[in-house]
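Let me begin by presenting the structure, written as structure tokens, before commenting on it.
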Amino acid sequence: MDYSSVTKVMKKQTFVAFKNYIEENIGIKIPDTKKIMVESRLLRRLKALEYSNYEEYAEYFFSEKGQLLEVPRFVECITTNKTDFFRENDHFEYLTNKALPDILKKADPHLFRLWSGASSTGEEAYTMAMVVSEFLEGYRGRTFKILATDISERVLNTGREAIYTKIDSAPIPSVMKKKYCLQSKDLANPTIRIKKNLREKVLFRPINLTATTYNITNQYHVIFLRNVMIYFDKETQKKILNNLYLHLHKNGYLFLGHSENLPDSSVPFKRVGPSIYVKKDGYE
Ligand SMILES: C[S@@+](CC[C@H](N)C(=O)[O-])C[C@H]1O[C@@H](n2cnc3c(N)ncnc32)[C@H](O)[C@@H]1O
């Protein structure tokens, strides 16, 4: 298909239909000023399906067949999956120096449970795994498990595979890279893979954060929910935080992204560090 023949402007009512769908089903707020962003992100689906305008794509998307087959691909286009190993590294330093020793002192768990709540392709969960592994070396008989969840199956599959480009792996300190990663021998396409013993500590599962409940029974000592709250409106953020509260251990820590804060003082958390929170007293 001649790509230049695609009509790259979406009609207002088509935009409103997508905007409402995104807000209701993914929870991401789409102000009218984001119309161009929605157009550019969906353009590759028009190309892949050989539609010549957004209205044809919308007709397919909202049909029974489209709702069965197209939703995961649509979600991929709309969400932002940017992540890195050791992203916002002071959080991992806080984990080692403050949060984990404090949890050990107060709760003394044999099994530390951690949750990466918008894990994207797994770099955050594996960074947590390396850091907790290092920390627990000094404590015999203690171990950990990490739950990594995201709305997108594609990113979860990348996390399960745990293969990353050499460039992606650059922020991993070389001592940890030697200890926790395998290096490919393919010089033309150098990659690393997280070693099996660390991979086995991380379980990847789909969870939509905006769902009413998460179908999780465990309580977590540490929850990372970084760089995803910015996409939600205040009401959705409050709903998510109240849900997370139920799954955070009474001595647990919640980490949001550096550019994220609590929506207001009604949520039962108090700040103890840069975008780091614990449960407010008296809410247990
Ligand atoms: C920018 S990435 C953040 C990755 C990682 N937490 C970090 O800080 O590097 C945001 C992730 O949130 C996921 N996401 C967006 N909406 C979601 C929802 N409603 N439920 C669960 N995950 C969602 C996206 O698929 C994406 O992988």
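Chain identifiers are assigned as A, B, and so on, following the order in which chains appear in the structure tokens; residues are numbered from 1 within each chain, and ligands are numbered from 1 in order of appearance.
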Q.
Using DSSP assignments from the backbone, pull out every residue in range 105-193 of chain A that falls under helix (DSSP H, G or I) and give it to me as JSON, numbers by chain.
A. {"A": [105, 106, 107, 123, 124, 125, 126, 127, 128, 129, 130, 131, 132, 133, 134, 135, 136, 153, 154, 155, 156, 157, 158, 159, 160, 161, 174, 175, 176, 177, 178, 179, 180]}
Q: May I have the residues within 8 Å of ligand 1, computed using only C-alpha atoms and all ligand atoms, as a PyMOL selection string?
A: chain A and resi 25-28+75-76+79-85+87+116-124+149-152+155+206-211+224-228+231+257
Could the residues in this selection be written to a file with N, CA and C atoms, as a short mmCIF file (atom, residue, chain, number, x, y, z; two decimals), in the first residue's frame?
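out.cif written:
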data_model
loop_
_atom_site.label_atom_id
_atom_site.label_comp_id
_atom_site.auth_asym_id
_atom_site.auth_seq_id
_atom_site.Cartn_x
_atom_site.Cartn_y
_atom_site.Cartn_z
N ASN A 25 -10.97 1.83 29.75
CA ASN A 25 -10.40 0.48 29.79
C ASN A 25 -8.94 0.41 30.19
N ILE A 26 -8.18 1.47 29.92
CA ILE A 26 -6.76 1.45 30.32
C ILE A 26 -6.56 2.39 31.51
N GLY A 27 -7.45 3.37 31.64
CA GLY A 27 -7.36 4.30 32.76
C GLY A 27 -6.52 5.52 32.43
N ILE A 28 -5.97 5.56 31.22
CA ILE A 28 -5.09 6.67 30.86
C ILE A 28 -5.92 7.85 30.39
N VAL A 75 -3.41 -1.46 22.72
CA VAL A 75 -2.83 -1.10 24.03
C VAL A 75 -1.33 -0.84 23.89
N GLU A 76 -0.63 -1.70 23.10
CA GLU A 76 0.81 -1.50 22.85
C GLU A 76 1.09 -0.12 22.31
N THR A 79 0.23 2.80 25.13
CA THR A 79 1.02 2.90 26.36
C THR A 79 2.48 3.20 26.03
N THR A 80 3.16 3.77 27.01
CA THR A 80 4.59 4.08 26.86
C THR A 80 5.36 3.08 27.70
N ASN A 81 6.26 2.35 27.08
CA ASN A 81 6.93 1.26 27.80
C ASN A 81 8.36 1.59 28.21
N LYS A 82 8.74 2.86 28.10
CA LYS A 82 10.14 3.19 28.38
C LYS A 82 10.55 2.77 29.80
N THR A 83 11.66 2.10 29.88
CA THR A 83 12.20 1.69 31.17
C THR A 83 13.69 1.45 31.03
N ASP A 84 14.38 1.22 32.14
CA ASP A 84 15.82 0.96 32.11
C ASP A 84 16.21 0.14 33.32
N PHE A 85 17.33 -0.56 33.22
CA PHE A 85 17.93 -1.15 34.41
C PHE A 85 18.42 0.01 35.29
N ARG A 87 17.00 2.34 36.74
CA ARG A 87 16.39 3.66 36.49
C ARG A 87 16.09 4.33 37.84
N SER A 116 6.73 -5.32 41.21
CA SER A 116 6.94 -4.24 40.24
C SER A 116 5.62 -4.09 39.48
N GLY A 117 4.88 -3.03 39.81
CA GLY A 117 3.47 -2.94 39.42
C GLY A 117 3.18 -2.40 38.02
N ALA A 118 4.18 -1.91 37.33
CA ALA A 118 4.01 -1.54 35.92
C ALA A 118 5.38 -1.85 35.32
N SER A 119 5.62 -3.14 35.18
CA SER A 119 6.99 -3.64 35.01
C SER A 119 7.57 -3.35 33.64
N SER A 120 6.69 -3.06 32.66
CA SER A 120 7.14 -2.97 31.28
C SER A 120 7.95 -4.25 30.96
N THR A 121 9.10 -4.11 30.29
CA THR A 121 9.83 -5.28 29.78
C THR A 121 10.70 -5.99 30.83
N GLY A 122 10.60 -5.60 32.08
CA GLY A 122 11.23 -6.39 33.14
C GLY A 122 12.51 -5.83 33.74
N GLU A 123 13.05 -4.76 33.16
CA GLU A 123 14.32 -4.22 33.68
C GLU A 123 14.21 -3.83 35.15
N GLU A 124 13.06 -3.23 35.53
CA GLU A 124 12.87 -2.81 36.93
C GLU A 124 12.84 -4.03 37.86
N THR A 149 4.11 -7.12 37.02
CA THR A 149 2.82 -7.08 36.31
C THR A 149 2.75 -5.87 35.38
N ASP A 150 1.96 -6.02 34.35
CA ASP A 150 1.75 -4.94 33.38
C ASP A 150 0.46 -5.24 32.62
N ILE A 151 -0.08 -4.25 31.98
CA ILE A 151 -1.31 -4.44 31.18
C ILE A 151 -0.98 -5.09 29.83
N SER A 152 0.27 -4.98 29.39
CA SER A 152 0.64 -5.40 28.03
C SER A 152 1.31 -6.78 28.03
N VAL A 155 5.06 -6.79 26.52
CA VAL A 155 6.18 -6.45 27.39
C VAL A 155 6.42 -7.55 28.43
N PRO A 206 -0.20 -10.62 33.84
CA PRO A 206 -0.94 -9.41 33.46
C PRO A 206 -1.85 -8.92 34.60
N ILE A 207 -1.77 -7.65 34.89
CA ILE A 207 -2.74 -7.02 35.81
C ILE A 207 -3.01 -5.61 35.29
N ASN A 208 -4.30 -5.28 35.15
CA ASN A 208 -4.68 -3.92 34.82
C ASN A 208 -4.84 -3.16 36.13
N LEU A 209 -4.01 -2.16 36.35
CA LEU A 209 -4.04 -1.43 37.63
C LEU A 209 -5.37 -0.76 37.90
N THR A 210 -6.13 -0.47 36.86
CA THR A 210 -7.40 0.23 37.08
C THR A 210 -8.55 -0.75 37.40
N ALA A 211 -8.26 -2.05 37.43
CA ALA A 211 -9.30 -3.02 37.76
C ALA A 211 -9.76 -2.81 39.21
N PHE A 224 6.91 -1.29 43.85
CA PHE A 224 7.35 -0.23 42.95
C PHE A 224 6.20 0.04 41.99
N LEU A 225 5.77 1.28 41.92
CA LEU A 225 4.74 1.65 40.94
C LEU A 225 5.20 2.94 40.29
N ARG A 226 6.23 2.80 39.47
CA ARG A 226 6.93 4.00 39.02
C ARG A 226 6.65 4.32 37.56
N ASN A 227 6.46 5.60 37.32
CA ASN A 227 6.30 6.11 35.95
C ASN A 227 5.09 5.54 35.23
N VAL A 228 4.02 5.39 35.97
CA VAL A 228 2.74 4.99 35.35
C VAL A 228 1.61 5.86 35.89
N TYR A 231 0.01 8.87 34.05
CA TYR A 231 -0.96 8.73 32.96
C TYR A 231 -2.41 8.73 33.44
N GLY A 257 7.29 6.95 40.84
CA GLY A 257 8.35 7.54 40.01
C GLY A 257 8.76 8.90 40.54
#
Q. Residues at most 10 Å from Glu200 in chain A, counting only C-alpha atoms, excluding those fewer than 4 positions away in the same chain, as a VMD selection string?
A. chain A and resid 145 to 146 160 194 to 196
Q. Excluding same-chain residues fewer than 3 positions from range 94-96 of chain A, what lies within 9 Å of it counting only C-alpha atoms, as a list of chain:residue names?
A. A:Asn89, A:Asp90, A:His91, A:Ala99, A:Leu100, A:Pro101, A:Met128, A:Val131, A:Val132, A:Glu134, A:Phe135, A:Val222, A:Tyr253, A:Gly273
Keeping N, CA and C atoms for every residue in the selection just given, could you write it to a file as a PDB file, in the first residue's frame?
ATOM      1  N   ASN A  89      18.157   5.481  40.166  1.00  0.00           N
ATOM      2  CA  ASN A  89      18.947   4.555  40.992  1.00  0.00           C
ATOM      3  C   ASN A  89      18.896   4.856  42.487  1.00  0.00           C
ATOM      4  N   ASP A  90      18.614   6.106  42.876  1.00  0.00           N
ATOM      5  CA  ASP A  90      18.591   6.363  44.326  1.00  0.00           C
ATOM      6  C   ASP A  90      17.501   5.537  45.025  1.00  0.00           C
ATOM      7  N   HIS A  91      16.469   5.105  44.276  1.00  0.00           N
ATOM      8  CA  HIS A  91      15.466   4.221  44.870  1.00  0.00           C
ATOM      9  C   HIS A  91      16.067   2.857  45.221  1.00  0.00           C
ATOM     10  N   ALA A  99      15.212   0.604  53.303  1.00  0.00           N
ATOM     11  CA  ALA A  99      13.951  -0.153  53.326  1.00  0.00           C
ATOM     12  C   ALA A  99      14.173  -1.618  53.732  1.00  0.00           C
ATOM     13  N   LEU A 100      15.101  -2.301  53.075  1.00  0.00           N
ATOM     14  CA  LEU A 100      15.282  -3.733  53.376  1.00  0.00           C
ATOM     15  C   LEU A 100      15.768  -3.953  54.819  1.00  0.00           C
ATOM     16  N   PRO A 101      16.767  -3.177  55.306  1.00  0.00           N
ATOM     17  CA  PRO A 101      17.157  -3.367  56.715  1.00  0.00           C
ATOM     18  C   PRO A 101      15.990  -3.115  57.671  1.00  0.00           C
ATOM     19  N   MET A 128      15.511  -4.995  40.780  1.00  0.00           N
ATOM     20  CA  MET A 128      15.128  -5.297  42.169  1.00  0.00           C
ATOM     21  C   MET A 128      15.723  -6.642  42.573  1.00  0.00           C
ATOM     22  N   VAL A 131      19.453  -6.384  43.299  1.00  0.00           N
ATOM     23  CA  VAL A 131      19.719  -5.608  44.510  1.00  0.00           C
ATOM     24  C   VAL A 131      19.338  -6.414  45.764  1.00  0.00           C
ATOM     25  N   VAL A 132      18.196  -7.093  45.718  1.00  0.00           N
ATOM     26  CA  VAL A 132      17.761  -7.861  46.897  1.00  0.00           C
ATOM     27  C   VAL A 132      18.666  -9.083  47.084  1.00  0.00           C
ATOM     28  N   GLU A 134      21.819  -9.269  46.351  1.00  0.00           N
ATOM     29  CA  GLU A 134      23.052  -8.775  46.970  1.00  0.00           C
ATOM     30  C   GLU A 134      22.836  -8.548  48.462  1.00  0.00           C
ATOM     31  N   PHE A 135      21.714  -7.903  48.787  1.00  0.00           N
ATOM     32  CA  PHE A 135      21.431  -7.585  50.191  1.00  0.00           C
ATOM     33  C   PHE A 135      21.323  -8.853  51.039  1.00  0.00           C
ATOM     34  N   VAL A 222       7.580  -4.661  49.519  1.00  0.00           N
ATOM     35  CA  VAL A 222       7.992  -3.521  48.693  1.00  0.00           C
ATOM     36  C   VAL A 222       7.141  -3.506  47.423  1.00  0.00           C
ATOM     37  N   TYR A 253       7.073  -0.727  52.000  1.00  0.00           N
ATOM     38  CA  TYR A 253       7.435   0.546  51.349  1.00  0.00           C
ATOM     39  C   TYR A 253       6.844   0.600  49.941  1.00  0.00           C
ATOM     40  N   GLY A 273      10.658   9.614  51.871  1.00  0.00           N
ATOM     41  CA  GLY A 273      11.825   9.891  51.030  1.00  0.00           C
ATOM     42  C   GLY A 273      11.315  10.374  49.682  1.00  0.00           C
TER      43      GLY A 273
END
Q. Contacts of Asp281 in chain A at 10 Å or less, counting only C-alpha atoms, minus same-chain residues fewer than 3 places along, as number ranges by chain?
A. A: 250, 268-270, 278, 284
Let me see the file: selected residues, C-alpha atoms, as a PDB file, in the first residue's frame.
ATOM      1  CA  LYS A 250       2.179  -3.117  57.369  1.00  0.00           C
ATOM      2  CA  PRO A 268      -3.398   6.436  53.577  1.00  0.00           C
ATOM      3  CA  PHE A 269       0.343   6.831  52.901  1.00  0.00           C
ATOM      4  CA  LYS A 270       3.017   9.144  54.261  1.00  0.00           C
ATOM      5  CA  VAL A 278       4.910   3.927  54.011  1.00  0.00           C
ATOM      6  CA  GLU A 284      -3.511  -1.009  59.529  1.00  0.00           C
TER       7      GLU A 284
END
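Separating CA of Leu256 in chain A from CA of Ile276 in chain A is a distance of 6.4 Å.
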